[in-house]
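These notes are about the structure you will find just below.
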Amino acid sequence: MHRREFLAAAAAGIALTEADAEPVRTEPLANPNWGPLYYDDKEQTQLEEVLASRRPFRFSPPPDQSKVAIFENEWASRMQTRWALAVTSGTAALHCSLAALEIGPGDEVILPAWTWYSNYSTIIQAGALPVFAEIDDSFNIDPSGIERHITPQTRAIMAVHLQGNPADLDPILAIARKHNLKVIEDCSQSVGASYKGKPLGCIGDIGAYSLQQTKTITAGEGGAVVTSDPALFERAVRFHDVTVRRDFPAKLAYMPGLNYRMNEFSGGVLLAQLRKLDTIVAAVRRNARRVYDGVRDLPGIRLRRLPDPEGELGTGVFLGFATKEQRDRFIGAMKAEGVPASPPAGSIILPIVPQIENKVTVTPRWPSFAGERGRSIRYGRECCPRTIDILSRYAGVMIGPKYTRRDTDDAVAAVRKVYPTIVNA
Ligand SMILES: *Cc1c(COP(=O)(O)O)cnc(C)c1O
């Protein structure tokens, strides 16, 4: 505990003992990227097999031997969809999803004001117009704020499941149905999580995942698209492979695609990682629950809203404060205890990024902002005051799958020691 917090606690009449002056931990609690923590001889064997085969291109081996194809089959089965497509990144997965849905110039896509750049950039790359909606205390898009952004040009909602927490899909799907919109689930930050018993990605029209190093499982880079709609799947496949459809006859018309194909090295590593996904998810969830259960009874405690606590990954246990000033003092005091707490992270408040506010594109003639609506739409602070406010008032202890009992006990001890000194000071 910092001297300042100690004095504040003393002034607030909170009983302090000798032990309170000592930090909970001397070695700060650290949370390395999860996937690589689980690398072992399984990933190694996969890589060696690709080397020995001398067939690193996914379409060199027959489909029943291609590691990428096997990965796709197992991914579709884990995510309970008819198909999965492996791609090079989460950004590529989103780009393929938009192309599959035939979203382009003149169309509008609603996305949360707090998310990763890729959501915005892929809508722009499709030539469509990104329309930001506010988040709520789940840090995900607020379903009750979506409808006011719907226009006759709106085609889709990007439901992004941020920092391990599923977006509240039931009301989002109801709005989508009512207005005939598509739902793209971006599960990049919640790979392996679920909503009301269903794996994230299989609930909307199409799902995108990132398998980059900071996500649940990884080959450094990687991504996947899932859908159960045959037309969407065919279009995603063709778009990811320069229009070609290599392993079943094309039914749909030609479309100029890019190259987002996964290679066999990545496919092998991701296959090994996928087979560990449930182990990793169970470990993170168990550790998060220990921390939730250890702090839940603190008087006045406000936890991040979880639309489905059972389905959440448990990436972090976030506490809400009345003011940013209190939140920042909490972060300072937790650091002193050796249990770092951080603000919501891994995303950006996009509308206030200067280049986004100024609608910077590859060329000023870009279709997204060329029309009447694109010219008149305003980004910046005025389009997301609530998002800015909510994110300034939360901080969380990040949870790792390899945390020991002692680690989670320390996290609980630090929160229990620090939180009352902040909210009662
Ligand atoms: C990481 C991430 C992406 C992009 O994934 P890459 O694999 O880095 O391209 C997209 N959306 C969200 C929400 C992400 O967190």
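By order of appearance in the structure tokens: chains A, B, ..., then residues from 1 within every chain, and ligands from 1 in the order shown.
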
Residues of chain A that have any atom at most 8 Å from an atom of ligand 1: could you tabulate them with the shortest-distance atom pair and the distance in Å to one decimal, using only C-alpha atoms and all ligand atoms, ordered by chain and increasing number, as a Markdown table?
```
| residue | atom | partner | partner_atom_place_in_ligand_line | distance |
| --- | --- | --- | --- | --- |
| A:Thr88 | CA | ligand 1 | 7 (O) | 7.3 |
| A:Ser89 | CA | ligand 1 | 7 (O) | 3.7 |
| A:Gly90 | CA | ligand 1 | 5 (O) | 3.4 |
| A:Thr91 | CA | ligand 1 | 9 (O) | 3.7 |
| A:Ala92 | CA | ligand 1 | 9 (O) | 6.4 |
| A:Ala93 | CA | ligand 1 | 9 (O) | 7.8 |
| A:Leu94 | CA | ligand 1 | 10 (C) | 7.3 |
| A:Thr115 | CA | ligand 1 | 13 (C) | 5.7 |
| A:Trp116 | CA | ligand 1 | 12 (C) | 4.9 |
| A:Tyr117 | CA | ligand 1 | 10 (C) | 7.2 |
| A:Ser118 | CA | ligand 1 | 10 (C) | 5.1 |
| A:Asn119 | CA | ligand 1 | 11 (N) | 5.9 |
| A:Val160 | CA | ligand 1 | 13 (C) | 6.0 |
| A:His161 | CA | ligand 1 | 13 (C) | 7.0 |
| A:Leu162 | CA | ligand 1 | 13 (C) | 6.2 |
| A:Gln163 | CA | ligand 1 | 15 (O) | 7.9 |
| A:Asp186 | CA | ligand 1 | 13 (C) | 6.0 |
| A:Cys187 | CA | ligand 1 | 13 (C) | 6.7 |
| A:Ser188 | CA | ligand 1 | 14 (C) | 4.8 |
| A:Gln189 | CA | ligand 1 | 15 (O) | 4.8 |
| A:Tyr209 | CA | ligand 1 | 5 (O) | 7.2 |
| A:Ser210 | CA | ligand 1 | 7 (O) | 4.2 |
| A:Leu211 | CA | ligand 1 | 7 (O) | 5.7 |
| A:Gln212 | CA | ligand 1 | 7 (O) | 4.7 |
| A:Thr214 | CA | ligand 1 | 1 (C) | 7.4 |
| A:Lys215 | CA | ligand 1 | 1 (C) | 7.0 |
| A:Glu221 | CA | ligand 1 | 7 (O) | 5.8 |
| A:Gly222 | CA | ligand 1 | 7 (O) | 5.8 |
| A:Gly223 | CA | ligand 1 | 7 (O) | 5.9 |
| A:Gly346 | CA | ligand 1 | 15 (O) | 6.4 |
| A:Ser347 | CA | ligand 1 | 15 (O) | 6.7 |
```

>> Which of range 13-261 of chain A end up as helix (DSSP H, G or I) when DSSP is run on this backbone - answer as a ChimeraX atom specification?
In response: /A:18-21,34-37,41-53,67-78,90-100,117-125,143-145,147-149,162-164,169-179,188-190,230-240

> How far is it from CA of Gly204 in chain A to CA of Glu185 in chain A, in Å with one decimal?
Replying inline: 6.0 Å

Per-residue nearest contacts range 20-87 of chain A to range 259-283 of chain A, cut-off 7 Å, using only C-alpha atoms, as a tab-separated table:
```
residue	atom	partner	partner_atom	distance
A:Lys42	CA	A:Ala272	CA	5.8
A:Glu43	CA	A:Val269	CA	4.9
A:Gln46	CA	A:Gly268	CA	4.9
A:Leu47	CA	A:Phe265	CA	5.7
A:Val50	CA	A:Phe265	CA	6.3
A:Pro56	CA	A:Glu264	CA	4.8
A:Phe57	CA	A:Asn263	CA	5.4
A:Arg58	CA	A:Glu264	CA	5.4
A:Lys67	CA	A:Gly267	CA	5.2
A:Val68	CA	A:Gly267	CA	4.3
A:Phe71	CA	A:Leu271	CA	5.0
A:Ala86	CA	A:Met262	CA	6.0
A:Val87	CA	A:Met262	CA	5.0
```

> Got a sec: who's within 12 Å of Leu101 in chain A, counting only C-alpha atoms, leaving out chain neighbours fewer than 2 positions off, as a ChimeraX atom specification?
Replying inline: /A:94-99,103-104,107,109,123,126,128,155-157,181-184,205-207,227,229-236,239

Write the residues of the selection above to a file with N, CA and C atoms, as a CSV table (one decimal), in the first residue's frame.
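Below you can see out.csv, which holds the result:
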```
chain,number,residue,atom,x,y,z
A,94,LEU,N,-12.3,-10.8,-41.1
A,94,LEU,CA,-13.3,-9.7,-41.2
A,94,LEU,C,-13.5,-9.3,-42.6
A,95,HIS,N,-12.4,-9.1,-43.4
A,95,HIS,CA,-12.5,-8.7,-44.8
A,95,HIS,C,-13.3,-9.7,-45.6
A,96,CYS,N,-12.9,-11.0,-45.4
A,96,CYS,CA,-13.7,-12.1,-46.1
A,96,CYS,C,-15.1,-12.1,-45.7
A,97,SER,N,-15.4,-11.8,-44.4
A,97,SER,CA,-16.8,-11.8,-44.0
A,97,SER,C,-17.6,-10.7,-44.7
A,98,LEU,N,-17.0,-9.5,-44.8
A,98,LEU,CA,-17.7,-8.4,-45.4
A,98,LEU,C,-18.0,-8.7,-46.9
A,99,ALA,N,-16.9,-9.3,-47.6
A,99,ALA,CA,-17.1,-9.7,-49.0
A,99,ALA,C,-18.1,-10.8,-49.1
A,103,ILE,N,-21.0,-6.7,-48.9
A,103,ILE,CA,-21.1,-5.3,-48.4
A,103,ILE,C,-20.1,-4.4,-49.2
A,104,GLY,N,-20.6,-3.3,-49.6
A,104,GLY,CA,-19.7,-2.4,-50.4
A,104,GLY,C,-20.1,-1.0,-50.4
A,107,ASP,N,-23.2,1.1,-48.6
A,107,ASP,CA,-23.7,0.3,-47.4
A,107,ASP,C,-23.1,0.9,-46.1
A,109,VAL,N,-22.3,-0.1,-42.0
A,109,VAL,CA,-22.1,-1.1,-41.0
A,109,VAL,C,-21.9,-0.5,-39.6
A,123,ILE,N,-14.2,-2.4,-42.9
A,123,ILE,CA,-15.4,-1.7,-43.4
A,123,ILE,C,-15.0,-0.7,-44.5
A,126,ALA,N,-13.8,-2.3,-47.7
A,126,ALA,CA,-15.0,-2.8,-48.4
A,126,ALA,C,-15.6,-1.6,-49.2
A,128,ALA,N,-17.5,0.6,-47.7
A,128,ALA,CA,-18.7,0.9,-46.9
A,128,ALA,C,-18.4,2.0,-45.9
A,155,ARG,N,-26.5,-2.3,-43.5
A,155,ARG,CA,-26.5,-3.7,-43.9
A,155,ARG,C,-26.2,-4.7,-42.8
A,156,ALA,N,-25.3,-4.3,-41.9
A,156,ALA,CA,-24.8,-5.3,-40.9
A,156,ALA,C,-24.5,-4.6,-39.6
A,157,ILE,N,-24.4,-5.4,-38.6
A,157,ILE,CA,-23.9,-5.0,-37.3
A,157,ILE,C,-22.7,-5.9,-37.0
A,181,LEU,N,-31.0,-7.0,-41.1
A,181,LEU,CA,-29.6,-6.7,-41.1
A,181,LEU,C,-28.8,-8.1,-40.8
A,182,LYS,N,-27.6,-8.1,-41.3
A,182,LYS,CA,-26.7,-9.3,-41.0
A,182,LYS,C,-25.9,-9.0,-39.8
A,183,VAL,N,-25.5,-10.1,-39.1
A,183,VAL,CA,-24.7,-9.9,-37.9
A,183,VAL,C,-23.4,-10.7,-38.1
A,184,ILE,N,-22.3,-9.9,-38.0
A,184,ILE,CA,-21.0,-10.4,-38.1
A,184,ILE,C,-20.4,-10.5,-36.6
A,205,ASP,N,-24.7,-14.4,-38.5
A,205,ASP,CA,-24.6,-15.0,-39.8
A,205,ASP,C,-23.3,-15.5,-40.2
A,206,ILE,N,-22.2,-14.8,-39.7
A,206,ILE,CA,-20.8,-15.2,-40.0
A,206,ILE,C,-20.0,-14.8,-38.8
A,207,GLY,N,-18.9,-15.6,-38.5
A,207,GLY,CA,-18.1,-15.3,-37.4
A,207,GLY,C,-16.6,-15.2,-37.8
A,227,THR,N,-19.2,-20.1,-40.8
A,227,THR,CA,-20.6,-19.9,-41.2
A,227,THR,C,-21.3,-21.2,-41.5
A,229,ASP,N,-23.9,-21.0,-43.7
A,229,ASP,CA,-24.6,-20.6,-44.9
A,229,ASP,C,-23.8,-20.9,-46.1
A,230,PRO,N,-24.2,-21.8,-47.0
A,230,PRO,CA,-23.4,-22.2,-48.1
A,230,PRO,C,-22.9,-21.1,-49.1
A,231,ALA,N,-23.8,-20.1,-49.3
A,231,ALA,CA,-23.4,-19.0,-50.2
A,231,ALA,C,-22.4,-18.1,-49.5
A,232,LEU,N,-22.5,-17.9,-48.3
A,232,LEU,CA,-21.5,-17.0,-47.6
A,232,LEU,C,-20.2,-17.8,-47.5
A,233,PHE,N,-20.3,-19.1,-47.3
A,233,PHE,CA,-19.0,-19.8,-47.2
A,233,PHE,C,-18.3,-19.8,-48.6
A,234,GLU,N,-19.0,-20.0,-49.6
A,234,GLU,CA,-18.4,-20.1,-50.9
A,234,GLU,C,-17.8,-18.7,-51.3
A,235,ARG,N,-18.5,-17.6,-51.0
A,235,ARG,CA,-17.9,-16.3,-51.3
A,235,ARG,C,-16.7,-16.0,-50.4
A,236,ALA,N,-16.7,-16.4,-49.1
A,236,ALA,CA,-15.6,-16.2,-48.3
A,236,ALA,C,-14.4,-17.0,-48.8
A,239,PHE,N,-13.1,-15.3,-52.0
A,239,PHE,CA,-12.4,-14.1,-51.8
A,239,PHE,C,-11.1,-14.3,-51.2
```

> At what distance in Å, to one decimal, does CA of Gly192 in chain A lie from CA of Ile217 in chain A?
Replying inline: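 Value for the CA of Ile217 in chain A-CA of Gly192 in chain A distance: 9.1 Å.
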
Who sits within 8 Å of Pro112 in chain A, only C-alpha atoms, same chain under 6 positions skipped, as a CSV table (one decimal) with N, CA, C and O atoms, in the first residue's frame:
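Output file around.csv is given in full below:
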```csv
chain,number,residue,atom,x,y,z
A,132,PHE,N,-20.5,4.3,-35.8
A,132,PHE,CA,-20.1,3.9,-34.4
A,132,PHE,C,-21.3,4.0,-33.5
A,132,PHE,O,-22.1,4.9,-33.5
A,133,ALA,N,-21.5,2.9,-32.6
A,133,ALA,CA,-22.5,2.9,-31.6
A,133,ALA,C,-21.8,2.8,-30.2
A,133,ALA,O,-20.6,2.3,-30.1
A,134,GLU,N,-22.4,3.3,-29.2
A,134,GLU,CA,-21.8,3.4,-27.8
A,134,GLU,C,-21.7,2.0,-27.2
A,134,GLU,O,-22.5,1.1,-27.6
A,135,ILE,N,-20.8,1.8,-26.3
A,135,ILE,CA,-20.7,0.6,-25.5
A,135,ILE,C,-21.5,0.8,-24.2
A,135,ILE,O,-21.9,1.9,-23.9
A,140,ASN,N,-18.9,-3.9,-24.4
A,140,ASN,CA,-19.4,-4.3,-25.7
A,140,ASN,C,-20.5,-3.3,-26.2
A,140,ASN,O,-21.1,-2.6,-25.4
A,141,ILE,N,-20.8,-3.4,-27.5
A,141,ILE,CA,-21.8,-2.6,-28.0
A,141,ILE,C,-23.1,-2.6,-27.2
A,141,ILE,O,-23.5,-3.7,-26.8
A,158,MET,N,-21.6,-5.3,-36.6
A,158,MET,CA,-20.5,-6.0,-36.1
A,158,MET,C,-20.6,-6.2,-34.6
A,158,MET,O,-20.4,-5.2,-33.9
A,159,ALA,N,-20.9,-7.4,-34.2
A,159,ALA,CA,-21.0,-7.6,-32.7
A,159,ALA,C,-19.6,-8.1,-32.3
A,159,ALA,O,-19.2,-9.2,-32.7
A,160,VAL,N,-18.9,-7.3,-31.6
A,160,VAL,CA,-17.5,-7.7,-31.2
A,160,VAL,C,-17.5,-8.1,-29.8
A,160,VAL,O,-18.1,-7.4,-28.9
```

> Can you list, as a PyMOL selection string, every residue of range 119-240 of chain A that DSSP puts in strand (DSSP E)?
Replying inline: chain A and resi 129-133+154-160+182-186+194-195+198-199+206-210+223-227

> Do you have the CA of Arg416 in chain A-CA of Leu391 in chain A distance handy?
Replying inline: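 CA of Leu391 in chain A lies at a distance of 22.1 Å from CA of Arg416 in chain A.
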
>> I'd like to know which of A:Pro401, A:Glu102, A:Ile352, A:Gly257 is closest to Glu382 in chain A, using only C-alpha atoms.
In response: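 Answer, going by the shortest atom-to-atom distance: A:Ile352.
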
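Distances to Glu108 in chain A were evaluated for A:Asn287, A:Gln153, A:Thr218, A:Thr26 using only C-alpha atoms, and the minimum falls at A:Gln153.
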
> Of the candidates A:Ile124, A:Ile422, A:Val131, A:Val191, which one gets nearest to Gln326 in chain A if we count only C-alpha atoms?
Replying inline: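 Among the listed residues, A:Ile422 lies closest to Gln326 in chain A.
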
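Closest approach to Leu306 in chain A among A:Ser53, A:Asn424, A:Ser392, A:Ser194: A:Ser194, based on only C-alpha atoms.
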
>> I want to know what sits within 10 Å of Lys198 in chain A, based on only C-alpha atoms, with residues of the same chain fewer than 3 positions away left out; could you give that as number ranges by chain?
In response: A: 79-80, 193-195, 201-203, 311

>> Just checking: using only C-alpha atoms, which residue out of A:Arg290, A:Ala174, A:Val244, A:Leu29 ends up closest to Phe59 in chain A?
In response: A:Val244

>> Set the distance at 9 Å and use only C-alpha atoms: which residues neighbour range 313-319 of chain A once local chain neighbours fewer than 6 positions away are removed? I'd like the list as a ChimeraX atom specification.
In response: /A:163-166,189-194,281-282,284-289,291-292,301-304,327,341-344,393-400

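When only C-alpha atoms are used to compute distances to Asp328 in chain A, the closest of the residues A:Lys359, A:Val242, A:Leu350, A:Tyr419 turns out to be A:Tyr419.
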